[in-house]
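Asks: Starting off with a structure, shown below.
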Amino acid sequence: MDDQPVRERRSVGAPGPGGGRGHALDRRAELSEFLRSRRARLKPEDVGLPDFGRHRRVPGLRREELAQLAGVSVAYYTRLEQGNGQNVSGEVLGAIASALRLTDAEQAHLTHLAKPKQHRKKASGRQQRVRVPLCQLLDTMEGVPAYVVGRRSEILAWNRMAAAVFGDWSQVAPQERNWARLVFLQSEYRELFVDWDQKASDIVSYLRMDAGCHPDDPRLSALVGELSVKSEEFRKLWARHDVKEKSHGVKRLHHPLVGELALSFETFALPDDAEQSVVAYHAEPGSASAEALRLLASWGTDATRAGSTSVTGSP
């Protein structure tokens, strides 16, 4: 028997009737929607089950099929998908994650939603600070664009080369120094990132991961609510329930001064504060991008000012 179509729910920060900002994260609704979204993306043939060609009123696997794969009863899985994960064991969550073909990040997100840790509200909303020695380390990384990113995609500290490449964030109001705000609300960043769609998707996936870990964070809820109202693209990406950990890769940029850049990046979580990460970029030695970075470094503050004018719109 097919599942009944899902009624639309509002999750963290989603705009309510009239377009107002939403409420704090409803963890049970988030758990339910996440499981449904992961189940909907699978077909019987994806997991080795026969497909008899019967009409399915909803996409993806049926609950009974998923329960069979995970080795639990349909009633048990149904209670979990309805948001009741209070007494679920880690072993059962692991079996469901395996049946759903979850990534490591998705499995961690599932665990956060089903068996949340107790976070103090004060800690969730606390001001993030970067250690002075870490700021000094960034300053010594000449020729290497690097910055510190924290909770809610907030940009906390950066060096001169990061300002030359991405724009001088010192000219941006502190509350606007946020990758999600910049990517979705500033048109200049659409031009900066060659693959803007991928950058936007990554940012939302990081925020989703953060929301699962900190469901009571009022600042995160407010951020998601604002972006949901102001950006249809953000709203659609948020509804996908995708999650991802920050890691490594390549970013292609169209810099206003030096043109095309292909920069590899690495993300390093701080050992004493897992909520902060250093992100450092470099170009392949001998490449045109490496030469472009050398030019930006040699121009010094002139490059920073010119880049910030083009990227952030600052005077």
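Please note that chains go A, B, ... in the order of the structure tokens, that every chain numbers its residues from 1, and that ligands are numbered from 1 in the order shown.
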Write out as number ranges by chain the residues lying within 8 Å of stretch 107-117 of chain A, counting only C-alpha atoms and excluding same-chain residues fewer than 4 positions away.

Replies: A: 27-28, 30-31, 34, 83-86, 88, 90, 93-94, 97, 102-103, 209, 212-213, 243

Asks: Let me see the file: selected residues, N, CA and C atoms, as a PDB file, in the first residue's frame.

Replies:
ATOM      1  N   ARG A  27      12.281  19.847  15.825  1.00  0.00           N
ATOM      2  CA  ARG A  27      13.149  18.705  15.568  1.00  0.00           C
ATOM      3  C   ARG A  27      12.368  17.507  15.048  1.00  0.00           C
ATOM      4  N   ARG A  28      11.172  17.265  15.575  1.00  0.00           N
ATOM      5  CA  ARG A  28      10.391  16.118  15.122  1.00  0.00           C
ATOM      6  C   ARG A  28       9.976  16.274  13.667  1.00  0.00           C
ATOM      7  N   GLU A  30      11.585  18.046  11.449  1.00  0.00           N
ATOM      8  CA  GLU A  30      12.804  17.924  10.660  1.00  0.00           C
ATOM      9  C   GLU A  30      13.191  16.460  10.463  1.00  0.00           C
ATOM     10  N   LEU A  31      13.081  15.655  11.510  1.00  0.00           N
ATOM     11  CA  LEU A  31      13.386  14.232  11.414  1.00  0.00           C
ATOM     12  C   LEU A  31      12.456  13.560  10.413  1.00  0.00           C
ATOM     13  N   PHE A  34      13.249  14.789   6.809  1.00  0.00           N
ATOM     14  CA  PHE A  34      14.539  14.289   6.331  1.00  0.00           C
ATOM     15  C   PHE A  34      14.414  12.831   5.895  1.00  0.00           C
ATOM     16  N   GLY A  83       8.556  11.276  13.451  1.00  0.00           N
ATOM     17  CA  GLY A  83       9.305  12.169  14.321  1.00  0.00           C
ATOM     18  C   GLY A  83       9.524  11.662  15.717  1.00  0.00           C
ATOM     19  N   ASN A  84       9.124  10.437  16.002  1.00  0.00           N
ATOM     20  CA  ASN A  84       9.272   9.893  17.348  1.00  0.00           C
ATOM     21  C   ASN A  84      10.534   9.041  17.419  1.00  0.00           C
ATOM     22  N   GLY A  85      11.673   9.710  17.635  1.00  0.00           N
ATOM     23  CA  GLY A  85      12.937   8.989  17.704  1.00  0.00           C
ATOM     24  C   GLY A  85      13.516   8.924  19.099  1.00  0.00           C
ATOM     25  N   GLN A  86      12.703   9.171  20.107  1.00  0.00           N
ATOM     26  CA  GLN A  86      13.205   9.324  21.469  1.00  0.00           C
ATOM     27  C   GLN A  86      13.939   8.081  21.968  1.00  0.00           C
ATOM     28  N   VAL A  88      14.941   5.362  20.026  1.00  0.00           N
ATOM     29  CA  VAL A  88      15.590   4.576  18.992  1.00  0.00           C
ATOM     30  C   VAL A  88      17.055   4.351  19.348  1.00  0.00           C
ATOM     31  N   GLY A  90      21.148   3.345  18.599  1.00  0.00           N
ATOM     32  CA  GLY A  90      22.145   3.660  17.591  1.00  0.00           C
ATOM     33  C   GLY A  90      22.248   2.572  16.532  1.00  0.00           C
ATOM     34  N   LEU A  93      19.378   3.068  14.081  1.00  0.00           N
ATOM     35  CA  LEU A  93      19.664   4.212  13.222  1.00  0.00           C
ATOM     36  C   LEU A  93      20.708   3.850  12.171  1.00  0.00           C
ATOM     37  N   GLY A  94      21.706   3.056  12.572  1.00  0.00           N
ATOM     38  CA  GLY A  94      22.721   2.625  11.621  1.00  0.00           C
ATOM     39  C   GLY A  94      22.133   1.754  10.528  1.00  0.00           C
ATOM     40  N   ALA A  97      20.143   4.010   8.237  1.00  0.00           N
ATOM     41  CA  ALA A  97      21.073   4.798   7.422  1.00  0.00           C
ATOM     42  C   ALA A  97      21.639   3.962   6.285  1.00  0.00           C
ATOM     43  N   LEU A 102      22.739   6.417   3.138  1.00  0.00           N
ATOM     44  CA  LEU A 102      23.133   7.747   3.592  1.00  0.00           C
ATOM     45  C   LEU A 102      24.636   7.915   3.557  1.00  0.00           C
ATOM     46  N   THR A 103      25.079   9.119   3.285  1.00  0.00           N
ATOM     47  CA  THR A 103      26.493   9.461   3.414  1.00  0.00           C
ATOM     48  C   THR A 103      26.836   9.595   4.894  1.00  0.00           C
ATOM     49  N   MET A 209      23.212  21.131   8.191  1.00  0.00           N
ATOM     50  CA  MET A 209      23.987  20.343   9.150  1.00  0.00           C
ATOM     51  C   MET A 209      24.047  21.067  10.485  1.00  0.00           C
ATOM     52  N   GLY A 212      20.749  20.850  12.413  1.00  0.00           N
ATOM     53  CA  GLY A 212      20.531  19.580  13.088  1.00  0.00           C
ATOM     54  C   GLY A 212      21.277  19.477  14.399  1.00  0.00           C
ATOM     55  N   CYS A 213      22.473  20.100  14.458  1.00  0.00           N
ATOM     56  CA  CYS A 213      23.277  20.067  15.681  1.00  0.00           C
ATOM     57  C   CYS A 213      22.774  21.057  16.729  1.00  0.00           C
ATOM     58  N   VAL A 243      22.459  17.671   3.283  1.00  0.00           N
ATOM     59  CA  VAL A 243      23.447  18.046   4.296  1.00  0.00           C
ATOM     60  C   VAL A 243      24.832  17.666   3.797  1.00  0.00           C
TER      61      VAL A 243
END

Asks: Residues of stretch 7-216 of chain A in strand (DSSP E or B) according to DSSP, as a PyMOL selection string?

Replies: chain A and resi 146-149+154-158+178+193

Asks: Residues as selected, N, CA and C atoms, written as a PDB file, in the first residue's frame, can you do that?

Replies:
ATOM      1  N   ALA A 146      43.076  32.912   2.964  1.00  0.00           N
ATOM      2  CA  ALA A 146      42.608  32.060   4.053  1.00  0.00           C
ATOM      3  C   ALA A 146      41.687  32.846   4.963  1.00  0.00           C
ATOM      4  N   TYR A 147      40.703  32.152   5.512  1.00  0.00           N
ATOM      5  CA  TYR A 147      39.779  32.791   6.447  1.00  0.00           C
ATOM      6  C   TYR A 147      39.258  31.758   7.437  1.00  0.00           C
ATOM      7  N   VAL A 148      38.652  32.246   8.501  1.00  0.00           N
ATOM      8  CA  VAL A 148      38.023  31.390   9.500  1.00  0.00           C
ATOM      9  C   VAL A 148      36.518  31.524   9.359  1.00  0.00           C
ATOM     10  N   VAL A 149      35.831  30.398   9.226  1.00  0.00           N
ATOM     11  CA  VAL A 149      34.367  30.395   9.142  1.00  0.00           C
ATOM     12  C   VAL A 149      33.825  29.661  10.357  1.00  0.00           C
ATOM     13  N   GLU A 154      29.195  32.092   9.238  1.00  0.00           N
ATOM     14  CA  GLU A 154      29.729  33.419   9.537  1.00  0.00           C
ATOM     15  C   GLU A 154      31.232  33.478   9.264  1.00  0.00           C
ATOM     16  N   ILE A 155      31.659  34.547   8.625  1.00  0.00           N
ATOM     17  CA  ILE A 155      33.075  34.784   8.339  1.00  0.00           C
ATOM     18  C   ILE A 155      33.654  35.549   9.520  1.00  0.00           C
ATOM     19  N   LEU A 156      34.578  34.929  10.247  1.00  0.00           N
ATOM     20  CA  LEU A 156      35.028  35.468  11.529  1.00  0.00           C
ATOM     21  C   LEU A 156      36.371  36.196  11.446  1.00  0.00           C
ATOM     22  N   ALA A 157      37.244  35.753  10.567  1.00  0.00           N
ATOM     23  CA  ALA A 157      38.570  36.369  10.422  1.00  0.00           C
ATOM     24  C   ALA A 157      39.106  36.002   9.050  1.00  0.00           C
ATOM     25  N   TRP A 158      40.020  36.838   8.529  1.00  0.00           N
ATOM     26  CA  TRP A 158      40.571  36.595   7.201  1.00  0.00           C
ATOM     27  C   TRP A 158      41.888  37.335   7.062  1.00  0.00           C
ATOM     28  N   ASN A 178      28.711  36.966   6.239  1.00  0.00           N
ATOM     29  CA  ASN A 178      28.102  35.648   6.318  1.00  0.00           C
ATOM     30  C   ASN A 178      27.999  35.107   4.894  1.00  0.00           C
ATOM     31  N   PHE A 193      31.578  33.711  -8.425  1.00  0.00           N
ATOM     32  CA  PHE A 193      31.655  32.251  -8.477  1.00  0.00           C
ATOM     33  C   PHE A 193      31.152  31.761  -9.833  1.00  0.00           C
TER      34      PHE A 193
END

Asks: So that I can check the secondary structure, give me every residue of stretch 72-256 of chain A assigned helix (DSSP H, G or I) by backbone DSSP, as number ranges by chain.

Replies: A: 74-81, 90-99, 104-114, 121-124, 132-140, 151-153, 160-166, 169-171, 174-176, 179-185, 187-192, 196-213, 218-230, 232-239

Asks: Just to confirm, what's the straight-line distance from atom CA of A:Leu182 to atom CA of A:Thr140 in Å (one decimal)?

Replies: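 Rounded to one decimal, the two atoms are 26.2 Å apart.
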
Asks: Quick one: residues within 10 Å of stretch 284-291 of chain A, only C-alpha atoms counted, chain neighbours fewer than 5 positions away excluded, as a VMD selection string?

Replies: chain A and resid 143 252 to 253 258 to 264 296 to 297

Asks: Could you dump the residues just selected with N, CA and C atoms as an mmCIF file, in the first residue's frame?

Replies:
data_model
loop_
_atom_site.group_PDB
_atom_site.id
_atom_site.type_symbol
_atom_site.label_atom_id
_atom_site.label_comp_id
_atom_site.auth_asym_id
_atom_site.auth_seq_id
_atom_site.Cartn_x
_atom_site.Cartn_y
_atom_site.Cartn_z
ATOM 1 N N GLY A 143 50.354 35.223 0.337
ATOM 2 C CA GLY A 143 50.108 34.554 -0.940
ATOM 3 C C GLY A 143 49.064 33.467 -0.870
ATOM 4 N N ARG A 252 36.173 27.732 -8.903
ATOM 5 C CA ARG A 252 36.504 28.542 -10.068
ATOM 6 C C ARG A 252 35.865 29.915 -9.903
ATOM 7 N N LEU A 253 36.685 30.944 -10.001
ATOM 8 C CA LEU A 253 36.230 32.306 -9.777
ATOM 9 C C LEU A 253 36.467 33.150 -11.020
ATOM 10 N N VAL A 258 41.858 40.079 -12.141
ATOM 11 C CA VAL A 258 42.789 39.158 -12.800
ATOM 12 C C VAL A 258 42.080 38.082 -13.621
ATOM 13 N N GLY A 259 40.767 38.136 -13.695
ATOM 14 C CA GLY A 259 40.035 37.194 -14.541
ATOM 15 C C GLY A 259 39.831 35.836 -13.887
ATOM 16 N N GLU A 260 39.924 34.795 -14.702
ATOM 17 C CA GLU A 260 39.598 33.450 -14.241
ATOM 18 C C GLU A 260 40.639 32.909 -13.255
ATOM 19 N N LEU A 261 40.149 32.313 -12.181
ATOM 20 C CA LEU A 261 40.992 31.666 -11.173
ATOM 21 C C LEU A 261 40.444 30.268 -10.899
ATOM 22 N N ALA A 262 41.327 29.292 -10.831
ATOM 23 C CA ALA A 262 40.966 27.945 -10.386
ATOM 24 C C ALA A 262 41.776 27.667 -9.130
ATOM 25 N N LEU A 263 41.102 27.673 -7.979
ATOM 26 C CA LEU A 263 41.790 27.546 -6.696
ATOM 27 C C LEU A 263 41.314 26.304 -5.955
ATOM 28 N N SER A 264 42.257 25.484 -5.529
ATOM 29 C CA SER A 264 41.931 24.358 -4.659
ATOM 30 C C SER A 264 41.809 24.869 -3.229
ATOM 31 N N LEU A 296 48.083 39.596 -7.459
ATOM 32 C CA LEU A 296 47.255 40.178 -6.404
ATOM 33 C C LEU A 296 48.082 40.454 -5.154
ATOM 34 N N ALA A 297 49.004 39.533 -4.820
ATOM 35 C CA ALA A 297 49.846 39.724 -3.648
ATOM 36 C C ALA A 297 50.785 40.911 -3.834
#

Asks: Rounded to one decimal in Å, what is the spacing between atom CA of A:Ile203 and atom CA of A:Glu245?

Replies: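 Separation between atom CA of A:Ile203 and atom CA of A:Glu245: 10.0 Å.
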
Asks: What does the structure give for the distance between atom CA of A:Leu49 and atom CA of A:Asp242, in Å to one decimal?

Replies: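 These two atoms are separated by 24.7 Å.
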
Asks: So, with only C-alpha atoms as the atoms that count, which of A:Leu293, A:Val194, A:Ala105, A:Ala67 lies closest to A:Arg208?

Replies: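 Among the listed residues, the smallest separation from A:Arg208 belongs to A:Ala105.
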
Asks: Return the single residue from A:Ser247, A:Ser32, A:Ser221, A:Gln175 that is closest to A:Leu80, with distances computed using only C-alpha atoms.

Replies: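 Of A:Ser247, A:Ser32, A:Ser221, A:Gln175, the one nearest A:Leu80 is A:Ser32, counting only C-alpha atoms.
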
Asks: Which neighbours of A:Phe184 fall inside 9 Å, counting only C-alpha atoms, when residues of the same chain fewer than 5 positions from it are skipped, and could you give them as a list in words?

Replies: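 Near neighbours after the sequence-gap exclusion: Trp179, Tyr189, Arg190, Ala200, Leu227, Lys230, Ser231, Glu233 and Phe234 of chain A.
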
Asks: Store the residues of this selection in a file with N, CA, C and O atoms, as a tab-separated table (two decimals), in the first residue's frame.

Replies:
chain	number	residue	atom	x	y	z
A	179	TRP	N	28.53	33.91	4.65
A	179	TRP	CA	28.55	33.39	3.30
A	179	TRP	C	27.15	33.23	2.73
A	179	TRP	O	26.92	33.46	1.54
A	189	TYR	N	28.42	38.38	-5.94
A	189	TYR	CA	28.96	37.05	-5.70
A	189	TYR	C	28.44	36.04	-6.72
A	189	TYR	O	29.05	34.98	-6.90
A	190	ARG	N	27.36	36.32	-7.37
A	190	ARG	CA	26.93	35.48	-8.49
A	190	ARG	C	27.93	35.59	-9.63
A	190	ARG	O	28.18	34.61	-10.35
A	200	ALA	N	26.02	27.80	-3.88
A	200	ALA	CA	24.77	28.02	-3.15
A	200	ALA	C	24.28	26.73	-2.50
A	200	ALA	O	23.87	26.72	-1.33
A	227	LEU	N	16.42	34.55	4.77
A	227	LEU	CA	16.81	34.10	3.44
A	227	LEU	C	15.64	33.41	2.73
A	227	LEU	O	15.50	33.51	1.50
A	230	LYS	N	13.58	36.23	1.33
A	230	LYS	CA	14.21	37.09	0.32
A	230	LYS	C	14.71	36.35	-0.91
A	230	LYS	O	14.95	36.98	-1.95
A	231	SER	N	14.88	35.04	-0.83
A	231	SER	CA	15.47	34.30	-1.95
A	231	SER	C	14.68	33.03	-2.23
A	231	SER	O	14.67	32.10	-1.41
A	233	GLU	N	15.52	30.90	-4.48
A	233	GLU	CA	16.51	29.85	-4.70
A	233	GLU	C	16.92	29.22	-3.38
A	233	GLU	O	17.06	28.00	-3.28
A	234	PHE	N	17.12	30.05	-2.36
A	234	PHE	CA	17.44	29.51	-1.04
A	234	PHE	C	16.30	28.63	-0.55
A	234	PHE	O	16.52	27.53	-0.02
